[in-house]
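What follows is one structure encoded as structure tokens, with my remarks underneath.
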Amino acid sequence: VSRAVVVVAAGSGTRLGIGDAKAFVPVAGERMLTRAVRTVFTLAEPTFVVVVAPTARLDECRALVAAVAGPAAALTSVVAGGADRHASVQAGLDALPDGIEWVGVHDAARCLTPAAQFAAVFERAETTGDGVVPALPVTDTVKRVEGDLVVETVDRSALVGVQTPQVFPLRALRDAYAAAQRSETDDAGVFRAAGGVVRTVPGHADAFKITTRWDLARAEAIVADSAL
Ligand code: CTP
Ligand code: MG
């Protein structure tokens with residue numbers, strides 16, 4: 001296989017506030033990590049999956065991934081995460097087998113991301129040779145402020161919000177992480193800082209990141225809706 005997805009799932013979910021690591025929190029009866037990993041295994045192109053899990057839950061995570069992967073279990077690996085997302089991505093990149101050329105980095109917390117979004121981002125990356133991120137227009141009016149003072153309205157037409165998976169040529173992403181001067185929560189930021197070109201493809205509303213209780217309720221509503 002030449003494609004891999006690193007699913008980062010080692011966060012604690014502080015803002016969600018459930019008292020369990022976020023990736024293990026169920027959305028309409030099924031854990032976020034299960035949902036996220038299963039989508040990768042529906043892709044037509046065979047894809048290696050590295051799950052980056054909380055150190056204390058590696059065995060539990062291995063069982064979960066094996067159950068979802070079925071016959072594709074040989075194409076999976078579960079490794080321990082780090083203190084922040086940057087360190088967890090680094091751990092995932094370190095765990096990739098030889099032969100991988102394209103890697104997608106994906107948040108387990110974006111567990112409703114459609115398979116078509118994975119396909120589109122990989123496709124565009126492989127065609128252009130660049131990094132590719134899914135992006136959506138910003139819908140709120142955005143202001144630049146200093147303290148509580150509004151300085152100006154920022155031109156929204158030049159802004160997007162970015163999602164995951166973000167796909168990169170593996171060697172260049174590894175080099176970018178090796179050269180990174182500071183911890184970043186955005187892989188495209190690390191890649192750009194090292195001089196890489198990053199393009200966008202259209203994202204999808206369902207690929208939002210579950211961060212708060214409200215996001216969890218929204219995810220459950222989407223699942224309920226799609227079951228109709
Ligand atoms: N993540 C990770 N390792 C970390 C921190 C975050 O793998 N040390 C992962 C999370 O599991 C999540 C993704 O990065 O899938 C995005 O992070 P975020 O939404 O911030 O999740 P948490 O860090 O778990 O949430 P919070 O910041 O509210 O604690
Ligand atoms: Mg976090």
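Labels used: A, B, ... for chains in the order of the structure tokens, numbers from 1 for residues in each chain, and numbers from 1 for ligands as shown.
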
For this session: Name the residues in contact with region 3-6 of chain A at a cut-off of 6 Å, using only C-alpha atoms, excluding same-chain residues fewer than 5 positions from it; report them as a ChimeraX atom specification.
Result: /A:47-51,92,100,102-105

Please produce an output containing C-alpha atoms for each residue in the selection, written as a PDB file, in the first residue's frame.
```
ATOM      1  CA  THR A  47      -4.913   2.258   3.191  1.00  0.00           C
ATOM      2  CA  PHE A  48      -2.640   1.598   6.174  1.00  0.00           C
ATOM      3  CA  VAL A  49      -4.076   2.962   9.427  1.00  0.00           C
ATOM      4  CA  VAL A  50      -2.081   4.124  12.429  1.00  0.00           C
ATOM      5  CA  VAL A  51      -4.163   4.995  15.465  1.00  0.00           C
ATOM      6  CA  GLY A  92       2.030   8.342  14.212  1.00  0.00           C
ATOM      7  CA  ILE A 100       4.002   4.602   2.245  1.00  0.00           C
ATOM      8  CA  TRP A 102       1.065   9.593   0.925  1.00  0.00           C
ATOM      9  CA  VAL A 103      -0.152  10.187   4.433  1.00  0.00           C
ATOM     10  CA  GLY A 104      -3.395  11.681   5.650  1.00  0.00           C
ATOM     11  CA  VAL A 105      -3.517  13.056   9.180  1.00  0.00           C
TER      12      VAL A 105
END
```

For this session: Give as a PyMOL selection string the residues surrounding ligand 2 up to a distance of 9 Å, considering only C-alpha atoms and all ligand atoms.
Result: chain A and resi 11-15+84-85+185+211

Let me see the file: selected residues, N, CA and C atoms, as a PDB file, in the first residue's frame.
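Ended up saving to again39.pdb:
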```pdb
ATOM      1  N   GLY A  11      -6.058  12.599  22.609  1.00  0.00           N
ATOM      2  CA  GLY A  11      -6.449  13.756  23.417  1.00  0.00           C
ATOM      3  C   GLY A  11      -7.348  13.366  24.585  1.00  0.00           C
ATOM      4  N   SER A  12      -7.460  14.268  25.547  1.00  0.00           N
ATOM      5  CA  SER A  12      -8.228  13.937  26.752  1.00  0.00           C
ATOM      6  C   SER A  12      -9.672  14.425  26.694  1.00  0.00           C
ATOM      7  N   GLY A  13      -9.976  15.339  25.783  1.00  0.00           N
ATOM      8  CA  GLY A  13     -11.355  15.809  25.671  1.00  0.00           C
ATOM      9  C   GLY A  13     -11.779  16.714  26.813  1.00  0.00           C
ATOM     10  N   THR A  14     -10.898  17.589  27.212  1.00  0.00           N
ATOM     11  CA  THR A  14     -11.167  18.498  28.340  1.00  0.00           C
ATOM     12  C   THR A  14     -12.404  19.365  28.086  1.00  0.00           C
ATOM     13  N   ARG A  15     -12.494  19.919  26.899  1.00  0.00           N
ATOM     14  CA  ARG A  15     -13.611  20.824  26.614  1.00  0.00           C
ATOM     15  C   ARG A  15     -14.940  20.079  26.498  1.00  0.00           C
ATOM     16  N   ASP A  84       0.895  16.720  23.339  1.00  0.00           N
ATOM     17  CA  ASP A  84      -0.019  17.554  22.558  1.00  0.00           C
ATOM     18  C   ASP A  84      -0.208  16.927  21.171  1.00  0.00           C
ATOM     19  N   ARG A  85      -1.093  17.534  20.370  1.00  0.00           N
ATOM     20  CA  ARG A  85      -1.422  16.931  19.072  1.00  0.00           C
ATOM     21  C   ARG A  85      -0.171  16.803  18.197  1.00  0.00           C
ATOM     22  N   THR A 185      -0.955  22.812  16.081  1.00  0.00           N
ATOM     23  CA  THR A 185      -2.090  21.887  16.027  1.00  0.00           C
ATOM     24  C   THR A 185      -2.529  21.632  14.588  1.00  0.00           C
ATOM     25  N   THR A 211     -15.927  19.127  19.639  1.00  0.00           N
ATOM     26  CA  THR A 211     -15.107  19.751  20.688  1.00  0.00           C
ATOM     27  C   THR A 211     -15.910  19.929  21.975  1.00  0.00           C
TER      28      THR A 211
END
```

Counting only C-alpha atoms, what is within 10 Å of Gln90 (chain A), bar same-chain residues fewer than 2 positions away, as a tab-separated table (two decimals) with C-alpha atoms, in the first residue's frame?
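Result file follows (result04.tsv):
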```tsv
chain	number	residue	atom	x	y	z
A	6	VAL	CA	-2.74	8.60	10.94
A	52	VAL	CA	-2.44	7.21	18.02
A	81	GLY	CA	0.39	9.53	21.74
A	82	GLY	CA	2.24	12.50	23.17
A	85	ARG	CA	-1.42	16.93	19.07
A	86	HIS	CA	1.90	17.81	17.45
A	87	ALA	CA	3.68	15.09	19.45
A	88	SER	CA	0.92	12.60	18.70
A	92	GLY	CA	2.03	8.34	14.21
A	93	LEU	CA	4.46	9.31	11.44
A	94	ASP	CA	7.22	7.36	13.20
A	95	ALA	CA	5.03	4.23	13.15
A	173	LEU	CA	5.86	15.88	5.93
A	174	ARG	CA	8.41	13.93	7.97
A	177	TYR	CA	8.04	17.77	11.40
A	178	ALA	CA	11.75	17.18	11.93
```

Distance query Phe24 (chain A) at most 9 Å, only C-alpha atoms, self and fewer than 3 positions along chain excluded, as a compact mmCIF listing (two decimals) with C-alpha atoms, in the first residue's frame:
```
# COMPACT_ATOMS: atom_id res chain seq x y z
CA ALA A 9 -6.98 9.96 19.14
CA ASP A 20 -13.34 9.91 29.35
CA ALA A 21 -10.79 10.32 26.56
CA GLU A 30 -20.77 4.10 18.79
CA ARG A 31 -17.39 5.44 19.86
CA MET A 32 -15.86 8.29 17.85
CA LEU A 33 -12.73 6.24 17.16
CA THR A 34 -14.74 3.29 15.85
CA CYS A 61 -7.61 0.59 21.39
```

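Among the candidate residues A:Ala158, A:Asp59, A:His204, A:Gly147, the one lying nearest to Val121 (chain A) is A:His204, with distances computed using only C-alpha atoms.
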
For this session: Just list the residues in region 91-153 of chain A DSSP gives strand (DSSP E or B) on the backbone, as a VMD selection string.
Result: chain A and resid 102 to 107 131 to 137 143 to 146 149 to 153

For the residues selected in the previous step, produce a file with C-alpha atoms as a short mmCIF file (atom, residue, chain, number, x, y, z; two decimals), in the first residue's frame.
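Here's the written file again-v4.cif:
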```
data_model
loop_
_atom_site.label_atom_id
_atom_site.label_comp_id
_atom_site.auth_asym_id
_atom_site.auth_seq_id
_atom_site.Cartn_x
_atom_site.Cartn_y
_atom_site.Cartn_z
CA TRP A 102 1.07 9.59 0.93
CA VAL A 103 -0.15 10.19 4.43
CA GLY A 104 -3.39 11.68 5.65
CA VAL A 105 -3.52 13.06 9.18
CA HIS A 106 -7.01 12.86 10.63
CA ASP A 107 -8.67 13.85 13.90
CA GLY A 131 -0.19 19.04 0.52
CA VAL A 132 -4.01 19.21 0.43
CA VAL A 133 -6.51 20.22 3.11
CA PRO A 134 -10.32 20.18 3.07
CA ALA A 135 -11.65 23.70 3.60
CA LEU A 136 -14.97 25.47 4.00
CA PRO A 137 -15.85 29.16 3.66
CA LYS A 143 -13.30 41.21 13.08
CA ARG A 144 -9.73 41.97 14.01
CA VAL A 145 -9.65 43.28 17.59
CA GLU A 146 -7.24 44.81 20.08
CA LEU A 149 -11.85 47.32 20.54
CA VAL A 150 -12.82 46.42 17.00
CA VAL A 151 -10.04 47.42 14.61
CA GLU A 152 -11.51 46.26 11.31
CA THR A 153 -13.63 43.74 9.49
#
```
